[in-house]
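Q: Would you mind keeping the following structure in view while I ask a few things?
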Amino acid sequence: RSGARAANGWEGLVLDEDPDWIIDALERGSLYCATDGSHNKKLAPLISGAAWVLFCSHSRKVMRGEFAEISVAANSYRAEQLGMLALHLLLLTAEEYYQQSLTDANIFCDNKGTIQTFSKEHRRIPAGAKNNDILR
């Protein structure tokens, strides 16, 4: 257990219109998602922050958000994973709401380890795995 406390992840949400365009972009293959995490050990040792953006290259529509987590487990890698988790949860929510299986999002992150971790299909996450609360 990380002893984590997160702000409401939707407080930093910026959305100008109905998000139906996300499904259209997924079906078209024009959805690009990017995330970045941040942690400054000296300035805020207990805070991991993340920002994310969804962009449709066809319609030019954008959805973006940001959030921070307060945790004794705060670090740069955790911040990157939190951003990737946010993207995956948004896309899963869209798939479930629209009852469609859509996997054609182009997802970008500047941390290769996070990309590899989220690309793996996990059957079971070991209790001792780093940031296992995020991966579960």
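By convention here, the chains of the structure tokens are called A, B, ... in the order presented, each chain's residues are numbered starting at 1, and ligands are numbered starting at 1 in the order presented.
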Which residues are near Val62 in chain A? Cut-off 10 Å, only C-alpha atoms, ignore same chain within fewer than 2 positions. Put them as a list in words.

A: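 Using only C-alpha atoms, the neighbours found are Val14, Leu15, Asp16, Glu17, Pro19, Trp21, Ile22, Leu31, Tyr32, Cys33, Val53, Leu54, Phe55, Cys56, Ser57, Ser59, Arg60 and Arg64 of chain A.
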
Q: Only N, CA and C atoms, please: the residues just picked out, written as a PDB file, in the first residue's frame.

A:
ATOM      1  N   VAL A  14     -10.300  19.388 -19.235  1.00  0.00           N
ATOM      2  CA  VAL A  14     -10.684  20.450 -20.156  1.00  0.00           C
ATOM      3  C   VAL A  14     -11.315  19.790 -21.374  1.00  0.00           C
ATOM      4  N   LEU A  15     -12.605  20.067 -21.560  1.00  0.00           N
ATOM      5  CA  LEU A  15     -13.364  19.464 -22.655  1.00  0.00           C
ATOM      6  C   LEU A  15     -14.360  20.490 -23.155  1.00  0.00           C
ATOM      7  N   ASP A  16     -14.241  20.878 -24.409  1.00  0.00           N
ATOM      8  CA  ASP A  16     -15.084  21.933 -24.954  1.00  0.00           C
ATOM      9  C   ASP A  16     -16.447  21.455 -25.445  1.00  0.00           C
ATOM     10  N   GLU A  17     -16.586  20.147 -25.658  1.00  0.00           N
ATOM     11  CA  GLU A  17     -17.857  19.635 -26.182  1.00  0.00           C
ATOM     12  C   GLU A  17     -18.026  18.165 -25.829  1.00  0.00           C
ATOM     13  N   PRO A  19     -17.901  14.297 -25.713  1.00  0.00           N
ATOM     14  CA  PRO A  19     -16.745  13.475 -26.102  1.00  0.00           C
ATOM     15  C   PRO A  19     -17.034  12.378 -27.127  1.00  0.00           C
ATOM     16  N   TRP A  21     -16.724  12.423 -30.154  1.00  0.00           N
ATOM     17  CA  TRP A  21     -15.698  12.470 -31.190  1.00  0.00           C
ATOM     18  C   TRP A  21     -14.569  11.480 -30.926  1.00  0.00           C
ATOM     19  N   ILE A  22     -14.382  11.099 -29.666  1.00  0.00           N
ATOM     20  CA  ILE A  22     -13.309  10.157 -29.320  1.00  0.00           C
ATOM     21  C   ILE A  22     -13.550   8.803 -29.991  1.00  0.00           C
ATOM     22  N   LEU A  31      -6.980   9.012 -33.555  1.00  0.00           N
ATOM     23  CA  LEU A  31      -6.855   9.445 -32.165  1.00  0.00           C
ATOM     24  C   LEU A  31      -5.411   9.290 -31.701  1.00  0.00           C
ATOM     25  N   TYR A  32      -4.854  10.367 -31.198  1.00  0.00           N
ATOM     26  CA  TYR A  32      -3.509  10.368 -30.635  1.00  0.00           C
ATOM     27  C   TYR A  32      -3.608  10.753 -29.167  1.00  0.00           C
ATOM     28  N   CYS A  33      -2.968   9.959 -28.329  1.00  0.00           N
ATOM     29  CA  CYS A  33      -2.991  10.180 -26.890  1.00  0.00           C
ATOM     30  C   CYS A  33      -1.554  10.337 -26.406  1.00  0.00           C
ATOM     31  N   VAL A  53      -3.353  14.196 -22.847  1.00  0.00           N
ATOM     32  CA  VAL A  53      -4.133  14.843 -23.898  1.00  0.00           C
ATOM     33  C   VAL A  53      -4.599  13.797 -24.901  1.00  0.00           C
ATOM     34  N   LEU A  54      -5.824  13.949 -25.388  1.00  0.00           N
ATOM     35  CA  LEU A  54      -6.364  13.157 -26.491  1.00  0.00           C
ATOM     36  C   LEU A  54      -6.596  14.138 -27.630  1.00  0.00           C
ATOM     37  N   PHE A  55      -6.147  13.781 -28.826  1.00  0.00           N
ATOM     38  CA  PHE A  55      -6.236  14.672 -29.973  1.00  0.00           C
ATOM     39  C   PHE A  55      -6.665  13.890 -31.202  1.00  0.00           C
ATOM     40  N   CYS A  56      -7.629  14.408 -31.935  1.00  0.00           N
ATOM     41  CA  CYS A  56      -8.048  13.791 -33.200  1.00  0.00           C
ATOM     42  C   CYS A  56      -7.417  14.574 -34.345  1.00  0.00           C
ATOM     43  N   SER A  57      -6.585  13.894 -35.129  1.00  0.00           N
ATOM     44  CA  SER A  57      -5.895  14.555 -36.237  1.00  0.00           C
ATOM     45  C   SER A  57      -6.852  14.885 -37.383  1.00  0.00           C
ATOM     46  N   SER A  59     -10.469  15.728 -36.941  1.00  0.00           N
ATOM     47  CA  SER A  59     -11.386  16.805 -36.553  1.00  0.00           C
ATOM     48  C   SER A  59     -10.695  17.946 -35.815  1.00  0.00           C
ATOM     49  N   ARG A  60      -9.449  17.694 -35.344  1.00  0.00           N
ATOM     50  CA  ARG A  60      -8.653  18.655 -34.571  1.00  0.00           C
ATOM     51  C   ARG A  60      -9.235  18.901 -33.173  1.00  0.00           C
ATOM     52  N   ARG A  64      -8.168  17.264 -22.606  1.00  0.00           N
ATOM     53  CA  ARG A  64      -6.944  17.188 -21.818  1.00  0.00           C
ATOM     54  C   ARG A  64      -7.258  17.282 -20.335  1.00  0.00           C
TER      55      ARG A  64
END

Q: Under the rule that only C-alpha atoms are counted, which of A:Ser76, A:Arg28, A:Ala34, A:Glu69 is the nearest residue to Ile107 in chain A?

A: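 With only C-alpha atoms as the atom set, the closest residue is A:Ala34.
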
Q: Let me make sure I understand: among A:Glu27, A:Asp18, A:Asp110, A:Glu80, which one has the smallest atom-to-atom distance to Gly49 in chain A if we use only C-alpha atoms?

A: A:Glu80

Q: For each of A:Ser48, A:Lys112, A:Leu13, A:Asp20, take the minimum atom-to-atom distance to Tyr98 in chain A, counting only C-alpha atoms, then give the residue where this is smallest.

A: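 Between A:Ser48, A:Lys112, A:Leu13, A:Asp20, the residue approaching Tyr98 in chain A most closely is A:Asp20.
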
Q: Go through A:Thr93, A:Gln100, A:Asn40, A:Thr35 and flag the residue nearest Gln81 in chain A, using only C-alpha atoms for the distances.

A: A:Thr35

Q: Which is closest to Asp24 in chain A among A:Ala94, A:Leu43, A:Val72, A:Ala50, if we use only C-alpha atoms?

A: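 Nearest to Asp24 in chain A: A:Ala94.
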
Q: Using Å and a single decimal, report how far CA of His58 in chain A sits from CA of Leu90 in chain A.

A: 19.7 Å

Q: Name all residues at most 10 Å from Leu91 in chain A (count only C-alpha atoms; drop same-chain ones fewer than 6 positions away) and give them as a list in words.

A: Ile22, Ile23, Leu26, Cys33, Leu54, Leu85, Tyr97, Ser101, Leu102, Thr103 and Ala105 of chain A

Q: Just the selected residues (C-alpha atoms), exported as a short mmCIF file (atom, residue, chain, number, x, y, z; two decimals), in the first residue's frame, please.

A:
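Written file, result_2.cif:
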data_model
loop_
_atom_site.label_atom_id
_atom_site.label_comp_id
_atom_site.auth_asym_id
_atom_site.auth_seq_id
_atom_site.Cartn_x
_atom_site.Cartn_y
_atom_site.Cartn_z
CA ILE A 22 -13.31 10.16 -29.32
CA ILE A 23 -15.13 7.06 -30.61
CA LEU A 26 -10.75 5.62 -32.57
CA CYS A 33 -2.99 10.18 -26.89
CA LEU A 54 -6.36 13.16 -26.49
CA LEU A 85 -3.28 4.81 -16.27
CA TYR A 97 -20.01 3.27 -22.54
CA SER A 101 -14.00 -2.82 -28.57
CA LEU A 102 -11.71 -0.14 -29.90
CA THR A 103 -7.95 -0.53 -29.81
CA ALA A 105 -5.39 4.64 -30.30
#

Q: May I ask which of the residues A:Ala79, A:Ala25, A:Ala74, A:Leu92 is the closest one to Trp52 in chain A, counting only C-alpha atoms?

A: A:Ala79

Q: In Å, how far is it from CA of Ala68 in chain A to CA of Leu46 in chain A?

A: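 Interatomic distance, CA of Ala68 in chain A to CA of Leu46 in chain A: 10.0 Å.
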
Q: Find the distance between CA of Leu87 in chain A and CA of Lys42 in chain A and write it in Å to one decimal.

A: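 CA of Lys42 in chain A lies at a distance of 27.6 Å from CA of Leu87 in chain A.
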
Q: Using DSSP on the backbone coordinates, identify all residues within range 10-97 of chain A classified as alpha helix (DSSP H); present the result as a PyMOL selection string.

A: chain A and resi 21-28+76-97

Q: Suppose we keep N, CA, C and O atoms; can you now write the selection as a tab-separated table (two decimals), in the first residue's frame?

A:
chain	number	residue	atom	x	y	z
A	21	TRP	N	-16.72	12.42	-30.15
A	21	TRP	CA	-15.70	12.47	-31.19
A	21	TRP	C	-14.57	11.48	-30.93
A	21	TRP	O	-13.89	11.05	-31.85
A	22	ILE	N	-14.38	11.10	-29.67
A	22	ILE	CA	-13.31	10.16	-29.32
A	22	ILE	C	-13.55	8.80	-29.99
A	22	ILE	O	-12.63	8.20	-30.53
A	23	ILE	N	-14.79	8.34	-29.98
A	23	ILE	CA	-15.13	7.06	-30.61
A	23	ILE	C	-14.92	7.15	-32.12
A	23	ILE	O	-14.36	6.25	-32.74
A	24	ASP	N	-15.37	8.25	-32.71
A	24	ASP	CA	-15.16	8.44	-34.15
A	24	ASP	C	-13.67	8.42	-34.49
A	24	ASP	O	-13.25	7.80	-35.47
A	25	ALA	N	-12.88	9.08	-33.66
A	25	ALA	CA	-11.43	9.13	-33.89
A	25	ALA	C	-10.79	7.75	-33.73
A	25	ALA	O	-9.91	7.37	-34.50
A	26	LEU	N	-11.26	6.99	-32.75
A	26	LEU	CA	-10.75	5.62	-32.57
A	26	LEU	C	-11.07	4.76	-33.77
A	26	LEU	O	-10.23	4.02	-34.28
A	27	GLU	N	-12.31	4.85	-34.24
A	27	GLU	CA	-12.73	4.06	-35.40
A	27	GLU	C	-11.95	4.46	-36.66
A	27	GLU	O	-11.62	3.62	-37.47
A	28	ARG	N	-11.65	5.73	-36.78
A	28	ARG	CA	-10.94	6.25	-37.95
A	28	ARG	C	-9.43	6.02	-37.86
A	28	ARG	O	-8.72	6.09	-38.85
A	76	SER	N	9.31	9.81	-10.05
A	76	SER	CA	9.11	10.14	-11.46
A	76	SER	C	8.45	9.00	-12.24
A	76	SER	O	7.57	9.23	-13.07
A	77	TYR	N	8.90	7.78	-11.98
A	77	TYR	CA	8.34	6.63	-12.69
A	77	TYR	C	6.87	6.46	-12.35
A	77	TYR	O	6.04	6.21	-13.22
A	78	ARG	N	6.51	6.63	-11.09
A	78	ARG	CA	5.11	6.53	-10.67
A	78	ARG	C	4.28	7.61	-11.37
A	78	ARG	O	3.16	7.35	-11.82
A	79	ALA	N	4.82	8.81	-11.49
A	79	ALA	CA	4.11	9.89	-12.17
A	79	ALA	C	3.82	9.52	-13.62
A	79	ALA	O	2.71	9.75	-14.13
A	80	GLU	N	4.80	8.94	-14.30
A	80	GLU	CA	4.60	8.50	-15.69
A	80	GLU	C	3.51	7.43	-15.76
A	80	GLU	O	2.65	7.45	-16.64
A	81	GLN	N	3.54	6.50	-14.83
A	81	GLN	CA	2.54	5.42	-14.82
A	81	GLN	C	1.14	5.95	-14.52
A	81	GLN	O	0.16	5.46	-15.08
A	82	LEU	N	1.04	6.94	-13.66
A	82	LEU	CA	-0.26	7.53	-13.37
A	82	LEU	C	-0.87	8.17	-14.61
A	82	LEU	O	-2.07	8.03	-14.86
A	83	GLY	N	-0.05	8.85	-15.39
A	83	GLY	CA	-0.55	9.44	-16.64
A	83	GLY	C	-1.03	8.38	-17.62
A	83	GLY	O	-2.08	8.52	-18.24
A	84	MET	N	-0.27	7.31	-17.74
A	84	MET	CA	-0.66	6.23	-18.64
A	84	MET	C	-1.94	5.55	-18.15
A	84	MET	O	-2.82	5.21	-18.94
A	85	LEU	N	-2.05	5.39	-16.84
A	85	LEU	CA	-3.28	4.81	-16.27
A	85	LEU	C	-4.49	5.69	-16.61
A	85	LEU	O	-5.54	5.17	-16.98
A	86	ALA	N	-4.33	6.99	-16.50
A	86	ALA	CA	-5.43	7.90	-16.83
A	86	ALA	C	-5.90	7.70	-18.27
A	86	ALA	O	-7.10	7.60	-18.54
A	87	LEU	N	-4.95	7.62	-19.20
A	87	LEU	CA	-5.32	7.39	-20.61
A	87	LEU	C	-6.05	6.07	-20.79
A	87	LEU	O	-7.08	6.00	-21.46
A	88	HIS	N	-5.51	5.03	-20.18
A	88	HIS	CA	-6.14	3.72	-20.32
A	88	HIS	C	-7.54	3.69	-19.72
A	88	HIS	O	-8.45	3.09	-20.29
A	89	LEU	N	-7.73	4.35	-18.59
A	89	LEU	CA	-9.06	4.40	-17.98
A	89	LEU	C	-10.04	5.20	-18.83
A	89	LEU	O	-11.21	4.81	-18.97
A	90	LEU	N	-9.59	6.29	-19.43
A	90	LEU	CA	-10.46	7.06	-20.31
A	90	LEU	C	-10.90	6.23	-21.52
A	90	LEU	O	-12.07	6.22	-21.88
A	91	LEU	N	-9.95	5.54	-22.13
A	91	LEU	CA	-10.28	4.74	-23.31
A	91	LEU	C	-11.16	3.55	-22.94
A	91	LEU	O	-12.10	3.20	-23.67
A	92	LEU	N	-10.89	2.91	-21.80
A	92	LEU	CA	-11.74	1.80	-21.34
A	92	LEU	C	-13.16	2.29	-21.06
A	92	LEU	O	-14.13	1.62	-21.42
A	93	THR	N	-13.28	3.45	-20.45
A	93	THR	CA	-14.60	4.01	-20.17
A	93	THR	C	-15.36	4.25	-21.46
A	93	THR	O	-16.54	3.94	-21.57
A	94	ALA	N	-14.69	4.81	-22.47
A	94	ALA	CA	-15.33	5.04	-23.77
A	94	ALA	C	-15.77	3.73	-24.40
A	94	ALA	O	-16.89	3.62	-24.91
A	95	GLU	N	-14.92	2.71	-24.35
A	95	GLU	CA	-15.27	1.40	-24.91
A	95	GLU	C	-16.48	0.81	-24.21
A	95	GLU	O	-17.38	0.27	-24.85
A	96	GLU	N	-16.51	0.88	-22.89
A	96	GLU	CA	-17.63	0.31	-22.15
A	96	GLU	C	-18.91	1.11	-22.36
A	96	GLU	O	-19.99	0.54	-22.54
A	97	TYR	N	-18.82	2.43	-22.37
A	97	TYR	CA	-20.01	3.27	-22.54
A	97	TYR	C	-20.64	3.06	-23.91
A	97	TYR	O	-21.84	2.94	-24.05
